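*Asks:* What follows is upload12.txt, compact mmCIF, C-alpha atoms and all ligand atoms.
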```txt
# COMPACT_ATOMS: atom_id res chain seq x y z
CA MET Y 41 0.00 0.00 0.00
CA PRO Y 42 1.44 3.40 -0.92
CA THR Y 43 -0.13 5.26 1.99
CA THR Y 44 -2.34 4.94 5.04
CA LYS Y 45 -3.26 8.63 5.08
CA PRO Y 46 -6.93 9.47 5.05
CA LEU Y 47 -8.12 10.25 1.54
CA GLN Y 48 -8.85 13.89 2.35
CA THR Y 49 -5.30 14.58 3.59
CA LEU Y 50 -3.86 12.85 0.53
CA TRP Y 51 -6.07 14.95 -1.70
CA ASN Y 52 -5.02 18.15 0.12
CA ASP Y 53 -1.33 17.33 -0.31
CA LEU Y 54 -1.79 16.46 -3.99
CA TRP Y 55 -3.63 19.72 -4.46
CA ALA Y 56 -0.83 21.68 -2.74
CA MET Y 57 1.79 19.98 -4.92
CA SER Y 58 -0.17 20.71 -8.10
CA PHE Y 59 -0.99 24.33 -7.28
CA PRO Y 60 1.65 25.45 -4.77
CA HIS Y 61 1.29 28.61 -2.73
CA PHE Y 62 4.42 30.01 -1.19
CA CYS Y 63 5.13 31.22 2.32
CA LEU Y 64 5.30 35.01 2.53
CA GLY Y 65 8.02 34.78 5.17
CA CYS Y 66 10.48 32.30 3.58
CA HIS Y 67 9.07 31.38 0.11
CA SER Y 68 8.87 27.63 0.81
CA ALA Y 69 5.82 25.80 -0.63
CA LEU Y 70 2.83 25.83 1.72
CA LEU Y 71 0.80 22.80 2.75
CA ARG Y 72 -2.88 23.23 2.07
CA SER Y 73 -3.60 23.57 5.79
CA GLU Y 74 -1.19 26.52 6.01
CA ILE Y 75 -2.56 29.98 5.19
CA GLU Y 76 -0.05 32.51 3.78
CA ILE Y 77 2.70 31.68 6.30
CA CYS Y 78 4.30 28.25 6.90
CA THR Y 79 4.36 26.56 10.28
CA ALA Y 80 8.14 27.03 10.65
CA CYS Y 81 7.88 30.80 10.11
CA ARG Y 82 4.87 30.96 12.37
CA LEU Y 83 6.90 29.35 15.15
CA HIS Y 84 9.81 31.74 14.66
CA LEU Y 85 8.11 35.10 14.23
CA PRO Y 86 9.37 37.81 16.62
CA TYR Y 87 6.39 37.78 19.00
CA THR Y 88 6.43 40.53 21.63
CA ASP Y 89 4.34 38.81 24.34
CA HIS Y 90 3.33 42.33 25.40
CA HIS Y 91 -0.07 41.08 26.50
CA LEU Y 92 1.53 39.16 29.39
CA THR Y 93 2.68 42.38 31.13
CA GLN Y 94 0.36 45.36 31.47
CA GLU Y 95 3.14 47.94 31.80
CA ASN Y 96 5.20 46.62 28.88
CA THR Y 97 7.56 48.79 26.80
CA PHE Y 98 4.92 49.41 24.13
CA TYR Y 99 2.36 50.43 26.74
CA LYS Y 100 4.87 52.84 28.33
CA LYS Y 101 5.62 54.46 24.97
CA ILE Y 102 1.94 55.22 24.27
CA ALA Y 103 0.98 55.97 27.88
CA ALA Y 104 3.65 58.70 27.92
CA LEU Y 105 1.56 60.49 25.27
CA VAL Y 106 -2.09 59.76 26.19
CA PRO Y 107 -4.01 57.78 28.84
CA ILE Y 108 -4.58 54.14 27.82
CA ARG Y 109 -5.64 50.95 29.52
CA TYR Y 110 -3.75 48.18 27.69
CA ALA Y 111 -1.37 48.15 24.75
CA ALA Y 112 0.12 45.21 22.91
CA ALA Y 113 1.79 44.74 19.55
CA PHE Y 114 1.69 41.30 17.97
CA LEU Y 115 5.23 41.35 16.46
CA TYR Y 116 8.46 43.26 16.69
CA PHE Y 117 9.40 44.89 13.43
CA VAL Y 118 12.84 43.38 12.68
CA LYS Y 119 14.71 44.74 9.64
CA LYS Y 120 15.64 42.04 7.11
CA GLY Y 121 13.71 39.51 9.16
CA ARG Y 122 10.57 37.47 8.50
CA SER Y 123 8.48 40.22 10.09
CA GLN Y 124 9.76 42.77 7.55
CA GLN Y 125 8.85 40.41 4.67
CA ILE Y 126 5.40 39.84 6.08
CA LEU Y 127 4.73 43.49 6.88
CA HIS Y 128 5.84 44.45 3.39
CA HIS Y 129 3.20 42.07 1.98
CA LEU Y 130 0.60 43.64 4.25
CA LYS Y 131 1.44 47.19 3.36
CA TYR Y 132 2.25 47.09 -0.33
CA GLN Y 133 0.80 43.90 -1.77
CA GLY Y 134 -2.75 44.48 -0.59
CA ASN Y 135 -2.88 41.11 1.14
CA ALA Y 136 -6.08 41.38 3.18
CA THR Y 137 -6.23 37.62 3.80
CA LEU Y 138 -2.83 37.76 5.47
CA ALA Y 139 -3.85 40.69 7.68
CA THR Y 140 -7.09 38.97 8.72
CA THR Y 141 -5.29 35.67 9.38
CA MET Y 142 -2.75 37.45 11.57
CA GLY Y 143 -5.54 39.24 13.42
CA GLN Y 144 -7.13 35.84 14.11
CA TRP Y 145 -3.84 34.46 15.50
CA PHE Y 146 -3.33 37.48 17.73
CA GLY Y 147 -6.97 37.39 18.81
CA GLU Y 148 -6.58 33.75 19.80
CA THR Y 149 -3.48 34.63 21.85
CA LEU Y 150 -5.34 37.48 23.56
CA ARG Y 151 -8.42 35.36 24.18
CA GLN Y 152 -6.32 32.73 25.95
CA ALA Y 153 -5.07 35.51 28.24
CA ASN Y 154 -8.72 36.53 28.93
CA PHE Y 155 -8.51 39.78 27.00
CA ASP Y 156 -11.92 39.11 25.44
CA ALA Y 157 -13.47 40.42 28.67
CA HIS Y 158 -11.82 43.85 28.46
CA PHE Y 159 -13.32 45.38 25.32
CA ASP Y 160 -16.75 46.29 23.90
CA LEU Y 161 -15.76 47.41 20.42
CA ILE Y 162 -12.79 47.07 18.06
CA LEU Y 163 -11.94 50.04 15.80
CA PRO Y 164 -9.18 50.25 13.19
CA ILE Y 165 -7.19 53.47 12.73
CA PRO Y 166 -8.63 54.76 9.44
CA LEU Y 167 -6.51 55.59 6.41
CA HIS Y 168 -6.96 58.91 4.67
CA ALA Y 169 -9.29 58.47 1.66
CA SER Y 170 -6.46 59.22 -0.80
CA LYS Y 171 -4.23 56.56 0.74
CA LEU Y 172 -7.06 54.04 0.88
CA LYS Y 173 -7.65 54.57 -2.80
CA GLN Y 174 -3.98 54.16 -3.59
CA ARG Y 175 -3.49 51.06 -1.42
CA GLY Y 176 -6.86 49.46 -2.08
CA TYR Y 177 -7.44 48.32 1.49
CA ASN Y 178 -6.75 49.27 5.09
CA GLN Y 179 -4.52 46.62 6.68
CA SER Y 180 -5.63 47.76 10.15
CA SER Y 181 -9.28 47.05 9.19
CA ALA Y 182 -8.40 43.56 7.94
CA PHE Y 183 -6.42 42.90 11.14
CA ALA Y 184 -9.32 44.25 13.26
CA GLN Y 185 -11.68 41.88 11.45
CA GLY Y 186 -9.44 38.93 12.39
CA LEU Y 187 -9.26 40.07 16.01
CA SER Y 188 -13.04 40.37 16.05
CA ASP Y 189 -13.40 36.77 14.73
CA SER Y 190 -11.26 35.32 17.53
CA LEU Y 191 -12.31 37.56 20.39
CA GLN Y 192 -16.01 37.55 19.44
CA ILE Y 193 -16.16 41.31 19.91
CA PRO Y 194 -17.80 43.50 17.24
CA TRP Y 195 -15.67 45.72 15.02
CA ARG Y 196 -16.66 48.60 12.78
CA ASP Y 197 -14.83 51.01 10.53
CA ASP Y 198 -17.40 53.81 10.25
CA CYS Y 199 -16.90 55.47 13.65
CA MET Y 200 -13.98 57.70 12.80
CA GLN Y 201 -12.34 59.11 9.70
CA ARG Y 202 -9.01 60.55 8.88
CA VAL Y 203 -9.30 64.13 7.69
CA LYS Y 204 -5.57 64.84 7.33
CA ALA Y 205 -3.04 62.54 5.72
CA THR Y 206 -0.21 62.98 8.23
CA ALA Y 207 0.25 63.52 11.93
CA THR Y 208 0.86 67.14 12.79
CA GLN Y 209 1.29 67.17 16.53
CA THR Y 210 4.59 65.45 17.20
CA ARG Y 211 6.21 68.71 18.29
CA LYS Y 212 3.30 69.91 20.38
CA SER Y 213 3.23 69.66 24.14
CA ARG Y 214 0.73 67.44 25.91
CA LEU Y 215 -1.43 70.41 26.83
CA GLU Y 216 -1.37 71.78 23.28
CA ARG Y 217 -2.42 68.38 21.96
CA TRP Y 218 -5.33 68.26 24.37
CA LEU Y 219 -6.46 71.75 23.52
CA ASN Y 220 -6.33 71.06 19.79
CA VAL Y 221 -9.68 69.30 19.49
CA ALA Y 222 -9.74 68.95 15.71
CA SER Y 223 -6.76 66.74 15.08
CA ILE Y 224 -6.18 64.47 12.09
CA PHE Y 225 -9.17 62.28 13.05
CA GLU Y 226 -12.85 63.09 13.14
CA ILE Y 227 -15.37 61.02 15.08
CA THR Y 228 -18.34 60.23 12.85
CA GLU Y 229 -20.38 57.93 15.14
CA ALA Y 230 -19.95 59.42 18.62
CA ALA Y 231 -22.96 57.51 20.01
CA GLN Y 232 -21.20 54.20 19.22
CA ILE Y 233 -18.12 55.25 21.18
CA ALA Y 234 -19.50 56.88 24.33
CA GLU Y 235 -19.00 54.78 27.48
CA LYS Y 236 -17.38 51.93 25.54
CA ASN Y 237 -14.12 50.15 26.23
CA ILE Y 238 -12.45 50.52 22.84
CA LEU Y 239 -9.67 48.42 21.36
CA LEU Y 240 -8.01 50.63 18.75
CA VAL Y 241 -6.06 48.78 16.05
CA ASP Y 242 -3.02 50.12 14.21
CA ASP Y 243 -0.52 48.49 11.81
CA VAL Y 244 3.14 49.32 12.46
CA VAL Y 245 3.64 51.77 15.32
CA THR Y 246 6.85 53.81 15.29
CA THR Y 247 6.62 57.07 17.29
CA GLY Y 248 3.01 56.57 18.31
CA ALA Y 249 2.16 60.15 17.28
CA THR Y 250 -0.67 59.25 14.88
CA LEU Y 251 -1.98 56.58 17.20
CA SER Y 252 -2.04 58.97 20.15
CA GLU Y 253 -4.15 61.41 18.12
CA GLY Y 254 -6.64 58.62 17.44
CA ILE Y 255 -6.79 57.72 21.13
CA GLN Y 256 -7.27 61.34 22.07
CA ALA Y 257 -10.14 61.75 19.59
CA LEU Y 258 -11.88 58.69 21.10
CA LEU Y 259 -11.42 59.92 24.68
CA GLN Y 260 -12.80 63.32 23.73
CA ALA Y 261 -15.83 61.49 22.31
CA GLN Y 262 -16.38 60.03 25.81
CA ALA Y 263 -14.95 56.55 25.28
CA LYS Y 264 -14.73 54.90 28.71
CA THR Y 265 -11.25 53.45 28.09
CA VAL Y 266 -9.03 53.04 25.05
CA SER Y 267 -6.55 50.19 24.57
CA VAL Y 268 -4.29 49.48 21.61
CA ALA Y 269 -3.52 46.41 19.52
CA ALA Y 270 -0.91 46.85 16.79
CA ILE Y 271 0.35 44.43 14.16
CA ALA Y 272 3.93 45.42 14.95
CA SER Y 273 6.01 47.77 17.03
CA ALA Y 274 9.13 49.29 15.52
ZN ZN R 301 7.90 30.25 5.90
```
How does the structure come out when it is put into structure tokens?

*Replies:*
Amino acid sequence: MPTTKPLQTLWNDLWAMSFPHFCLGCHSALLRSEIEICTACRLHLPYTDHHLTQENTFYKKIAALVPIRYAAAFLYFVKKGRSQQILHHLKYQGNATLATTMGQWFGETLRQANFDAHFDLILPIPLHASKLKQRGYNQSSAFAQGLSDSLQIPWRDDCMQRVKATATQTRKSRLERWLNVASIFEITEAAQIAEKNILLVDDVVTTGATLSEGIQALLQAQAKTVSVAAIASA
């Protein structure tokens, strides 16, 4: 007998050999059960484990700018590493499936640490309309959708919009930022935000300037608490 594998597994492997898909981290052929990233890469991604410590380095960076409850990035951004490859695919190749899959993984990790109890609503940081048109999709929305699947918490992308393309407040003091009500974000569904514990989703966080403006806009719209989940922290 050539094999004792169940017929379905055999069929899946034959299918994968006939129509191979390649891992976005290392370019090896994927098994049919693997989505976008192979098991080896998945095991070796630079996970932050931020969610295990409330006052982690990422939290401290954002909390120095605006009040937040929790903050966790899924991956460290490592130059020339697998994470750079993967983030490049997210940002420039319009790979929404990858972003959603990664959101599901991170959501599963957070759920196991009981984070599903902390939030009422998941919101992605919106892209400016011009950038959305150019890129074709918002990777933070796709990631938020994946988080929502795993955490079983609703997400929506119509509560805020980006009215300016770039952050403007990096050189402003804390007080100046607070006084400047109209920042780069505009809240469009204030009733959905008031008194809610929001999980705000961003892609790759570097200085945190843009993110902090988003958090500030939500707090000014009477969000109860704001926490942050990012795909990666640079
Ligand atoms: Zn791989």

*Asks:* Could you please determine the separation between CA of Ser170 in chain Y and CA of Ala205 in chain Y in Å, to one decimal place?

*Replies:*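 If I compute the distance from CA of Ser170 in chain Y to CA of Ala205 in chain Y, I get 8.1 Å.
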
*Asks:* Taking only residues of chain Y that have an atom at most 9 Å from an atom of ligand ZN 301 (chain R), what is each one's shortest atom pair and its distance in Å to one decimal, using all atoms listed in the file, in chain and number order, as a tab-separated table?

*Replies:*
```
residue	atom	partner	partner_atom	distance
Y:Phe62	CA	R:ZN301	ZN	7.9
Y:Cys63	CA	R:ZN301	ZN	4.6
Y:Leu64	CA	R:ZN301	ZN	6.4
Y:Gly65	CA	R:ZN301	ZN	4.6
Y:Cys66	CA	R:ZN301	ZN	4.0
Y:His67	CA	R:ZN301	ZN	6.0
Y:Ser68	CA	R:ZN301	ZN	5.8
Y:Ala69	CA	R:ZN301	ZN	8.2
Y:Leu70	CA	R:ZN301	ZN	7.9
Y:Glu76	CA	R:ZN301	ZN	8.5
Y:Ile77	CA	R:ZN301	ZN	5.4
Y:Cys78	CA	R:ZN301	ZN	4.2
Y:Thr79	CA	R:ZN301	ZN	6.7
Y:Ala80	CA	R:ZN301	ZN	5.7
Y:Cys81	CA	R:ZN301	ZN	4.2
Y:Arg82	CA	R:ZN301	ZN	7.2
Y:Arg122	CA	R:ZN301	ZN	8.1
```

*Asks:* Restricting the output to C-alpha atoms, write the selected residues as a compact mmCIF listing (two decimals), keeping the file's coordinate frame.

*Replies:*
```txt
# COMPACT_ATOMS: atom_id res chain seq x y z
CA PHE Y 62 4.42 30.01 -1.19
CA CYS Y 63 5.13 31.22 2.32
CA LEU Y 64 5.30 35.01 2.53
CA GLY Y 65 8.02 34.78 5.17
CA CYS Y 66 10.48 32.30 3.58
CA HIS Y 67 9.07 31.38 0.11
CA SER Y 68 8.87 27.63 0.81
CA ALA Y 69 5.82 25.80 -0.63
CA LEU Y 70 2.83 25.83 1.72
CA GLU Y 76 -0.05 32.51 3.78
CA ILE Y 77 2.70 31.68 6.30
CA CYS Y 78 4.30 28.25 6.90
CA THR Y 79 4.36 26.56 10.28
CA ALA Y 80 8.14 27.03 10.65
CA CYS Y 81 7.88 30.80 10.11
CA ARG Y 82 4.87 30.96 12.37
CA ARG Y 122 10.57 37.47 8.50
```

*Asks:* Please report the interatomic distance between CA of Ser190 in chain Y and CA of Gly147 in chain Y in Å with one decimal.

*Replies:*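 According to the coordinates, CA of Ser190 in chain Y and CA of Gly147 in chain Y are separated by 4.9 Å.
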
*Asks:* Within 12 Å of Thr93 in chain Y, counting all atoms listed in the file, which residues qualify if same-chain residues fewer than 5 places away don't, as a ChimeraX atom specification?

*Replies:* /Y:88,98-100,110-113,153

*Asks:* For range 69-109 of chain Y versus range 232-252 of chain Y, which residues have an atom no more than 7 Å away, and what is each residue's nearest atom pair and distance in Å rounded to one decimal, using only C-alpha atoms, chain-then-number order, as CSV?

*Replies:*
```
residue,atom,partner,partner_atom,distance
Y:Ile102,CA,Y:Gly248,CA,6.2
Y:Leu105,CA,Y:Ser252,CA,6.4
Y:Val106,CA,Y:Ser252,CA,6.1
```

*Asks:* Between CA of Ile224 in chain Y and CA of Glu253 in chain Y, what distance in Å does the model show, to one decimal?

*Replies:*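 Answer for the CA of Ile224 in chain Y to CA of Glu253 in chain Y separation: 7.1 Å.
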